[in-house]
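work31.cif (mmCIF, C-alpha atoms)
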data_my_file
loop_
_atom_site.label_atom_id
_atom_site.label_comp_id
_atom_site.auth_asym_id
_atom_site.auth_seq_id
_atom_site.Cartn_x
_atom_site.Cartn_y
_atom_site.Cartn_z
CA MET A 108 11.82 15.45 -31.12
CA ARG A 109 15.20 13.95 -30.47
CA PRO A 110 15.72 12.56 -26.97
CA PHE A 111 18.85 13.48 -25.05
CA THR A 112 20.23 12.83 -21.58
CA TYR A 113 21.33 15.48 -19.12
CA GLU A 114 23.62 15.83 -16.14
CA ARG A 115 24.76 18.63 -13.84
CA ALA A 116 28.48 18.97 -13.22
CA ALA A 117 29.51 20.06 -9.72
CA SER A 118 33.08 21.16 -10.47
CA PRO A 119 35.26 22.06 -13.47
CA ALA A 120 37.10 18.75 -13.06
CA ALA A 121 33.83 16.82 -13.04
CA ALA A 122 32.65 18.66 -16.14
CA ALA A 123 35.89 17.85 -17.96
CA ALA A 124 35.65 14.21 -16.91
CA ALA A 125 32.04 14.00 -18.09
CA ALA A 126 33.00 15.47 -21.47
CA ALA A 127 35.92 13.06 -21.79
CA ALA A 128 33.57 10.16 -21.09
CA ARG A 129 31.03 11.35 -23.69
CA PRO A 130 32.91 13.05 -26.55
CA GLU A 131 29.64 13.72 -28.42
CA ALA A 132 28.16 15.61 -25.44
CA LYS A 133 27.71 19.38 -25.37
CA PHE A 134 28.15 21.76 -22.46
CA ILE A 135 25.14 23.90 -21.64
CA ALA A 136 25.21 27.14 -19.62
CA GLY A 137 22.70 29.86 -20.56
CA GLY A 138 21.56 27.82 -23.53
CA THR A 139 20.66 30.88 -25.59
CA ASN A 140 22.50 29.53 -28.63
CA LEU A 141 22.48 25.79 -28.09
CA LEU A 142 18.75 25.38 -27.38
CA ASP A 143 17.82 27.33 -30.52
CA LEU A 144 20.17 25.16 -32.57
CA MET A 145 18.71 22.02 -30.99
CA LYS A 146 15.15 23.11 -31.78
CA LEU A 147 16.18 23.51 -35.43
CA GLU A 148 18.08 20.18 -35.22
CA ILE A 149 21.26 21.91 -36.39
CA GLU A 150 22.76 20.56 -33.17
CA THR A 151 21.59 17.11 -32.06
CA PRO A 152 23.69 16.27 -28.98
CA PRO A 153 22.69 12.98 -27.30
CA HIS A 154 23.91 14.27 -23.95
CA LEU A 155 24.12 17.66 -22.21
CA ILE A 156 26.48 18.59 -19.38
CA ASP A 157 25.09 21.53 -17.39
CA VAL A 158 27.96 23.72 -16.19
CA ASN A 159 25.85 26.36 -14.40
CA GLY A 160 26.82 25.04 -10.97
CA LEU A 161 30.59 25.43 -11.32
CA GLY A 162 30.73 28.67 -9.33
CA LEU A 163 32.50 30.60 -12.10
CA ASP A 164 30.13 33.55 -11.83
CA GLN A 165 32.29 36.14 -10.06
CA ILE A 166 33.82 39.40 -11.29
CA GLU A 167 37.03 39.99 -9.33
CA ALA A 168 39.63 42.75 -9.26
CA THR A 169 43.14 41.57 -10.23
CA PRO A 170 46.37 42.74 -8.55
CA GLU A 171 47.35 44.45 -11.84
CA GLY A 172 44.30 46.70 -11.59
CA GLY A 173 42.10 44.87 -14.08
CA LEU A 174 39.06 42.68 -13.78
CA GLN A 175 38.78 38.93 -14.03
CA ILE A 176 35.39 37.92 -15.39
CA GLY A 177 34.13 34.44 -14.61
CA ALA A 178 33.05 32.29 -17.54
CA LEU A 179 29.50 32.01 -16.16
CA VAL A 180 28.89 35.71 -15.44
CA ARG A 181 25.58 36.62 -17.10
CA ASN A 182 25.53 39.40 -19.68
CA THR A 183 23.11 41.39 -17.51
CA ASP A 184 25.34 41.17 -14.43
CA LEU A 185 28.47 42.09 -16.40
CA ALA A 186 26.83 45.09 -18.08
CA ALA A 187 25.44 46.34 -14.75
CA ASP A 188 28.65 45.90 -12.71
CA GLU A 189 29.70 49.29 -11.35
CA ARG A 190 33.39 48.70 -12.20
CA VAL A 191 32.60 47.69 -15.78
CA ARG A 192 30.33 50.70 -16.23
CA ARG A 193 33.01 53.03 -14.83
CA ASP A 194 36.20 51.62 -16.39
CA TYR A 195 35.06 49.51 -19.35
CA GLY A 196 32.10 51.46 -20.68
CA LEU A 197 32.39 50.06 -24.19
CA LEU A 198 31.93 46.52 -22.86
CA SER A 199 28.83 47.55 -20.94
CA ARG A 200 27.47 49.41 -23.97
CA ALA A 201 28.12 46.48 -26.30
CA LEU A 202 26.31 44.06 -23.99
CA LEU A 203 23.32 46.37 -23.54
CA ALA A 204 23.05 46.84 -27.32
CA GLY A 205 22.74 43.10 -27.88
CA ALA A 206 19.66 40.87 -27.79
CA SER A 207 16.88 41.38 -25.24
CA GLY A 208 16.84 41.55 -21.46
CA GLN A 209 15.54 38.00 -21.30
CA LEU A 210 18.49 36.68 -23.33
CA ARG A 211 21.04 38.84 -21.48
CA ASN A 212 19.74 37.41 -18.19
CA LYS A 213 20.68 33.90 -19.35
CA ALA A 214 23.63 34.37 -21.72
CA THR A 215 27.06 33.82 -20.20
CA THR A 216 30.38 35.53 -20.87
CA ALA A 217 32.13 32.39 -22.12
CA GLY A 218 29.11 30.89 -23.82
CA GLN A 219 29.06 33.29 -26.70
CA PRO A 220 32.66 32.93 -27.92
CA ALA A 221 32.20 29.18 -27.52
CA ALA A 222 29.00 29.13 -29.58
CA ALA A 223 28.64 26.38 -32.10
CA ASP A 224 29.95 26.72 -35.63
CA PRO A 225 26.60 26.95 -37.49
CA LEU A 226 25.75 30.19 -35.68
CA PRO A 227 27.30 32.50 -38.29
CA LEU A 228 24.97 30.93 -40.86
CA LEU A 229 22.02 32.09 -38.78
CA LEU A 230 23.51 35.46 -37.91
CA ARG A 231 24.08 36.21 -41.57
CA HIS A 232 20.34 36.74 -41.89
CA GLN A 233 20.10 39.04 -38.88
CA PRO A 234 20.47 42.79 -39.44
CA THR A 235 23.69 44.18 -38.04
CA LEU A 236 23.64 46.92 -35.43
CA GLN A 237 24.80 49.34 -38.12
CA GLN A 238 21.93 48.33 -40.40
CA THR A 239 19.51 48.69 -37.50
CA ARG A 240 20.86 52.16 -36.73
CA SER A 241 20.66 53.16 -40.40
CA ARG A 242 17.08 51.98 -40.65
CA ALA A 243 16.21 53.78 -37.42
CA ALA A 244 17.82 56.97 -38.68
CA ALA A 245 15.95 56.65 -41.96
CA ALA A 246 12.72 56.25 -40.03
CA GLY A 247 13.53 59.30 -37.92
CA ARG A 248 13.97 57.35 -34.70
CA SER A 249 16.90 57.08 -32.34
CA ALA A 250 18.97 53.91 -32.36
CA ALA A 251 17.86 53.29 -28.81
CA SER A 252 14.27 52.89 -29.96
CA ALA A 253 15.27 50.73 -32.91
CA GLY A 254 13.88 47.59 -31.29
CA ARG A 255 10.58 46.04 -32.10
CA TRP A 256 8.47 48.46 -30.09
CA PRO A 257 6.99 51.26 -32.23
CA MET B 279 0.33 46.08 -12.89
CA GLN B 280 -2.38 43.57 -13.76
CA ALA B 281 -5.11 46.08 -12.86
CA ALA B 282 -3.36 48.77 -14.91
CA PHE B 283 -3.28 46.49 -17.96
CA VAL B 284 -7.04 45.96 -17.58
CA LYS B 285 -7.70 49.66 -17.01
CA HIS B 286 -5.66 50.75 -20.05
CA ASP B 287 -6.79 47.87 -22.28
CA GLY B 288 -3.16 46.75 -22.61
CA PHE B 289 -3.95 43.63 -24.59
CA GLN B 290 -6.15 42.23 -27.31
CA CYS B 291 -5.75 38.47 -27.73
CA GLY B 292 -3.91 38.07 -24.42
CA TYR B 293 -1.25 35.68 -25.71
CA CYS B 294 1.71 37.92 -24.81
CA THR B 295 0.12 39.46 -21.70
CA PRO B 296 1.65 37.27 -18.94
CA GLY B 297 5.13 37.95 -20.32
CA GLN B 298 4.45 41.66 -20.76
CA ILE B 299 3.33 41.93 -17.14
CA CYS B 300 6.26 39.91 -15.77
CA SER B 301 8.73 41.96 -17.81
CA ALA B 302 7.09 45.25 -16.84
CA VAL B 303 7.36 44.47 -13.11
CA ALA B 304 10.95 43.23 -13.43
CA MET B 305 11.94 46.16 -15.65
CA LEU B 306 10.69 48.70 -13.12
CA GLY B 307 12.69 46.87 -10.44
CA GLU B 308 15.84 47.09 -12.57
CA LEU B 309 15.21 50.80 -13.14
CA LYS B 310 14.85 51.31 -9.40
CA ALA B 311 18.09 49.39 -8.81
CA GLY B 312 19.94 51.78 -11.14
CA ILE B 313 20.71 49.23 -13.85
CA PRO B 314 21.37 51.05 -17.15
CA SER B 315 19.90 50.17 -20.52
CA HIS B 316 20.84 50.77 -24.15
CA ALA B 317 18.65 53.89 -23.96
CA SER B 318 20.51 55.37 -20.97
CA ALA B 319 22.61 58.41 -21.94
CA ASP B 320 25.00 58.04 -19.00
CA LEU B 321 26.10 54.57 -17.84
CA LEU B 322 26.94 55.84 -14.36
CA ALA B 323 23.86 57.98 -13.74
CA ARG B 324 21.06 56.22 -11.95
CA PRO B 325 18.06 56.56 -14.23
CA THR B 326 15.20 57.71 -12.05
CA ALA B 327 12.59 58.58 -14.63
CA LEU B 328 10.95 56.09 -16.96
CA THR B 329 11.25 58.02 -20.21
CA PRO B 330 9.42 56.70 -23.29
CA ASP B 331 12.79 55.62 -24.74
CA GLU B 332 13.74 53.75 -21.54
CA LEU B 333 10.36 52.04 -21.41
CA ARG B 334 10.47 50.89 -25.03
CA GLU B 335 14.07 49.69 -24.86
CA ARG B 336 13.56 47.81 -21.59
CA MET B 337 10.37 46.16 -22.89
CA SER B 338 11.82 45.36 -26.33
CA GLY B 339 12.18 41.65 -25.54
CA ASN B 340 8.39 41.28 -25.48
CA ILE B 341 6.55 41.59 -28.75
CA CYS B 342 2.79 41.98 -29.19
CA ARG B 343 1.34 40.76 -32.47
CA CYS B 344 -1.88 42.69 -31.78
CA ALA B 345 0.26 45.84 -31.44
CA ALA B 346 -1.25 46.98 -28.14
CA TYR B 347 2.03 48.77 -27.45
CA SER B 348 0.66 52.25 -26.75
CA ASN B 349 -1.85 50.92 -24.20
CA ILE B 350 0.78 48.67 -22.57
CA ALA B 351 3.08 51.69 -22.32
CA GLU B 352 0.31 53.73 -20.69
CA ALA B 353 -0.32 50.97 -18.13
CA ILE B 354 3.36 50.67 -17.24
CA THR B 355 3.82 54.44 -17.09
CA GLU B 356 0.93 54.76 -14.65
CA VAL B 357 2.35 52.07 -12.35
CA ALA B 358 5.86 53.58 -12.57
CA GLY B 359 4.51 56.98 -11.55
CA ARG B 360 2.68 55.50 -8.60
CA SER B 361 5.65 53.49 -7.26
CA ALA B 362 8.26 56.22 -7.82
#

Take the structure in this file and express it as structure tokens.
Amino acid sequence: MRPFTYERAASPAAAAAAAAARPEAKFIAGGTNLLDLMKLEIETPPHLIDVNGLGLDQIEATPEGGLQIGALVRNTDLAADERVRRDYGLLSRALLAGASGQLRNKATTAGQPAAADPLPLLLRHQPTLQQTRSRAAAAGRSAASAGRWP
Amino acid sequence: MQAAFVKHDGFQCGYCTPGQICSAVAMLGELKAGIPSHASADLLARPTALTPDELRERMSGNICRCAAYSNIAEAITEVAGRSA
């Protein structure tokens, strides 16, 4: 086990200042990528800056008629938002097709695009959605039941 | 839910059981709140019935190495029918 230190940032400015003070630190939000990479020691940050308390978890209508999605909105909340389901169905569908409920409850909107570089190496070994659908079709099951439950 | 797991023999070794029960209770709450899943045909319809597809998709984050799935599904289905 590799020890690391941890702090909670109370504002975006404080988080930026903390990162400037410790360039080798990593931000942590949902942790669904970073913690896995730390367990495998692919990532070994000596310091974590928790950004969950920054208040960036709102989905707001914009004057132009769109939606502004906060960086810390959880996948579950984004997929379930009535406006996203009504006007951006593909986004809702894509979120619901990914991972498990437990991961979607923690994973954040900005966390995934910001995921660490080694992730593609791990994802290469995961079946794609298309492969999963093909296997499900071959097994005579619907894609919706293509998870681990028989 | 705990009693239903006992009644339907929804476990063998018991390792996954606490998580299965927590997820089952939470999943039924999400269903009741109208939150869709990957198995929902219509994103805007409020799913009211726990179909086998909905149950399996919503529980897919919990695996059972003993493969007690059919008994777990029976336990959850009974509780869902009672609380509907």

**OP:** Write down, as a VMD selection string, each residue of chain B that has any atom within 7 Å of an atom of chain A, counting all atoms listed in the file.
**Re:** chain B and resid 313 to 317 321 to 322 331 334 to 335 338 to 339 341 347

**OP:** Report as a ChimeraX atom specification the full result of the PyMOL selection byres ((chain A and resi 164) around 12) when it is applied to this structure.
**Re:** /A:136,158-163,165-167,175-185,214-217

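CA of Arg115 (chain A) lies 20.8 Å from CA of Lys146 (chain A).
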
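Between CA of Arg343 (chain B) and CA of Gly137 (chain A) lies a distance of 26.8 Å.
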
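Here CA of Phe289 (chain B) is placed at a distance of 24.4 Å from CA of Ala327 (chain B).
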
**OP:** Would you mind listing what lies within 12 Å of Gln290 (chain B) as number ranges by chain, with all atoms listed in the file counted and same-chain residues fewer than 2 positions away left out?
**Re:** B: 283-284, 286-288, 292-295, 342-347, 349-350

Subject >> Shell of 9 Å around Leu333 (chain B), only C-alpha atoms, local chain residues under 5 positions omitted, as a PyMOL selection string >> reply: chain B and resi 302+305-306+317+328+338+351+354-355

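Minimum atom-to-atom distances from A:Leu174, A:Ile156, A:Leu142, A:Ile149 to Ala121 (chain A) were compared using all atoms listed in the file, and the lowest value belongs to A:Ile156.
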
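Omitting Glu131 (chain A) and its sequence neighbours fewer than 3 positions away, and counting all atoms listed in the file, the residues within 9 Å are A:Ala126, A:Pro152, A:Pro153, A:His154.
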
Place all heavy atoms on region 323-334 of chain B and deliver the coordinates as a tab-separated table (two decimals), in the coordinates of the input.
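To be explicit, this is the file written out as out.tsv:
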chain	number	residue	atom	x	y	z
B	323	ALA	N	25.00	57.31	-14.38
B	323	ALA	CA	23.86	57.98	-13.74
B	323	ALA	C	22.80	56.94	-13.40
B	323	ALA	O	22.62	55.97	-14.12
B	323	ALA	CB	23.29	59.03	-14.68
B	324	ARG	N	22.15	57.13	-12.29
B	324	ARG	CA	21.06	56.22	-11.95
B	324	ARG	C	19.79	56.77	-12.59
B	324	ARG	O	19.30	57.82	-12.20
B	324	ARG	CB	20.89	56.15	-10.44
B	324	ARG	CG	22.03	55.43	-9.74
B	324	ARG	CD	21.82	55.45	-8.24
B	324	ARG	NE	20.76	54.56	-7.83
B	324	ARG	CZ	20.95	53.29	-7.51
B	324	ARG	NH1	22.14	52.78	-7.56
B	324	ARG	NH2	19.95	52.54	-7.13
B	325	PRO	N	19.28	56.06	-13.61
B	325	PRO	CA	18.06	56.56	-14.23
B	325	PRO	C	16.90	56.52	-13.23
B	325	PRO	O	16.63	55.49	-12.63
B	325	PRO	CB	17.83	55.61	-15.41
B	325	PRO	CG	18.68	54.43	-15.16
B	325	PRO	CD	19.74	54.80	-14.18
B	326	THR	N	16.30	57.66	-13.01
B	326	THR	CA	15.20	57.71	-12.05
B	326	THR	C	13.86	57.80	-12.74
B	326	THR	O	12.86	57.34	-12.22
B	326	THR	CB	15.36	58.93	-11.11
B	326	THR	OG1	15.60	60.08	-11.92
B	326	THR	CG2	16.51	58.74	-10.15
B	327	ALA	N	13.85	58.41	-13.93
B	327	ALA	CA	12.59	58.58	-14.63
B	327	ALA	C	12.44	57.52	-15.72
B	327	ALA	O	13.41	57.16	-16.38
B	327	ALA	CB	12.52	59.97	-15.24
B	328	LEU	N	11.24	57.04	-15.88
B	328	LEU	CA	10.95	56.09	-16.96
B	328	LEU	C	10.54	56.90	-18.20
B	328	LEU	O	9.37	57.16	-18.41
B	328	LEU	CB	9.82	55.14	-16.55
B	328	LEU	CG	9.49	54.03	-17.56
B	328	LEU	CD1	10.66	53.06	-17.68
B	328	LEU	CD2	8.23	53.29	-17.14
B	329	THR	N	11.55	57.28	-18.98
B	329	THR	CA	11.25	58.02	-20.21
B	329	THR	C	10.64	57.06	-21.23
B	329	THR	O	10.80	55.83	-21.10
B	329	THR	CB	12.53	58.63	-20.80
B	329	THR	OG1	13.39	57.55	-21.19
B	329	THR	CG2	13.24	59.52	-19.79
B	330	PRO	N	9.95	57.59	-22.25
B	330	PRO	CA	9.42	56.70	-23.29
B	330	PRO	C	10.50	55.84	-23.93
B	330	PRO	O	10.28	54.65	-24.21
B	330	PRO	CB	8.81	57.68	-24.29
B	330	PRO	CG	8.41	58.86	-23.46
B	330	PRO	CD	9.49	58.98	-22.41
B	331	ASP	N	11.70	56.41	-24.16
B	331	ASP	CA	12.79	55.62	-24.74
B	331	ASP	C	13.23	54.49	-23.81
B	331	ASP	O	13.47	53.36	-24.26
B	331	ASP	CB	14.00	56.53	-25.02
B	331	ASP	CG	13.95	57.12	-26.43
B	331	ASP	OD1	13.00	56.79	-27.17
B	331	ASP	OD2	14.84	57.90	-26.76
B	332	GLU	N	13.36	54.79	-22.50
B	332	GLU	CA	13.74	53.75	-21.54
B	332	GLU	C	12.69	52.64	-21.50
B	332	GLU	O	13.01	51.46	-21.50
B	332	GLU	CB	13.90	54.35	-20.13
B	332	GLU	CG	15.16	55.19	-19.94
B	332	GLU	CD	16.41	54.35	-19.73
B	332	GLU	OE1	16.35	53.11	-19.82
B	332	GLU	OE2	17.48	54.95	-19.49
B	333	LEU	N	11.44	53.03	-21.47
B	333	LEU	CA	10.36	52.04	-21.41
B	333	LEU	C	10.41	51.11	-22.62
B	333	LEU	O	10.38	49.89	-22.49
B	333	LEU	CB	9.00	52.74	-21.32
B	333	LEU	CG	7.78	51.85	-21.07
B	333	LEU	CD1	6.68	52.65	-20.36
B	333	LEU	CD2	7.23	51.22	-22.34
B	334	ARG	N	10.51	51.70	-23.81
B	334	ARG	CA	10.47	50.89	-25.03
B	334	ARG	C	11.69	50.00	-25.16
B	334	ARG	O	11.59	48.84	-25.59
B	334	ARG	CB	10.30	51.80	-26.24
B	334	ARG	CG	8.87	52.25	-26.40
B	334	ARG	CD	8.68	53.40	-27.36
B	334	ARG	NE	7.26	53.60	-27.64
B	334	ARG	CZ	6.40	54.14	-26.77
B	334	ARG	NH1	6.81	54.53	-25.58
B	334	ARG	NH2	5.11	54.26	-27.07
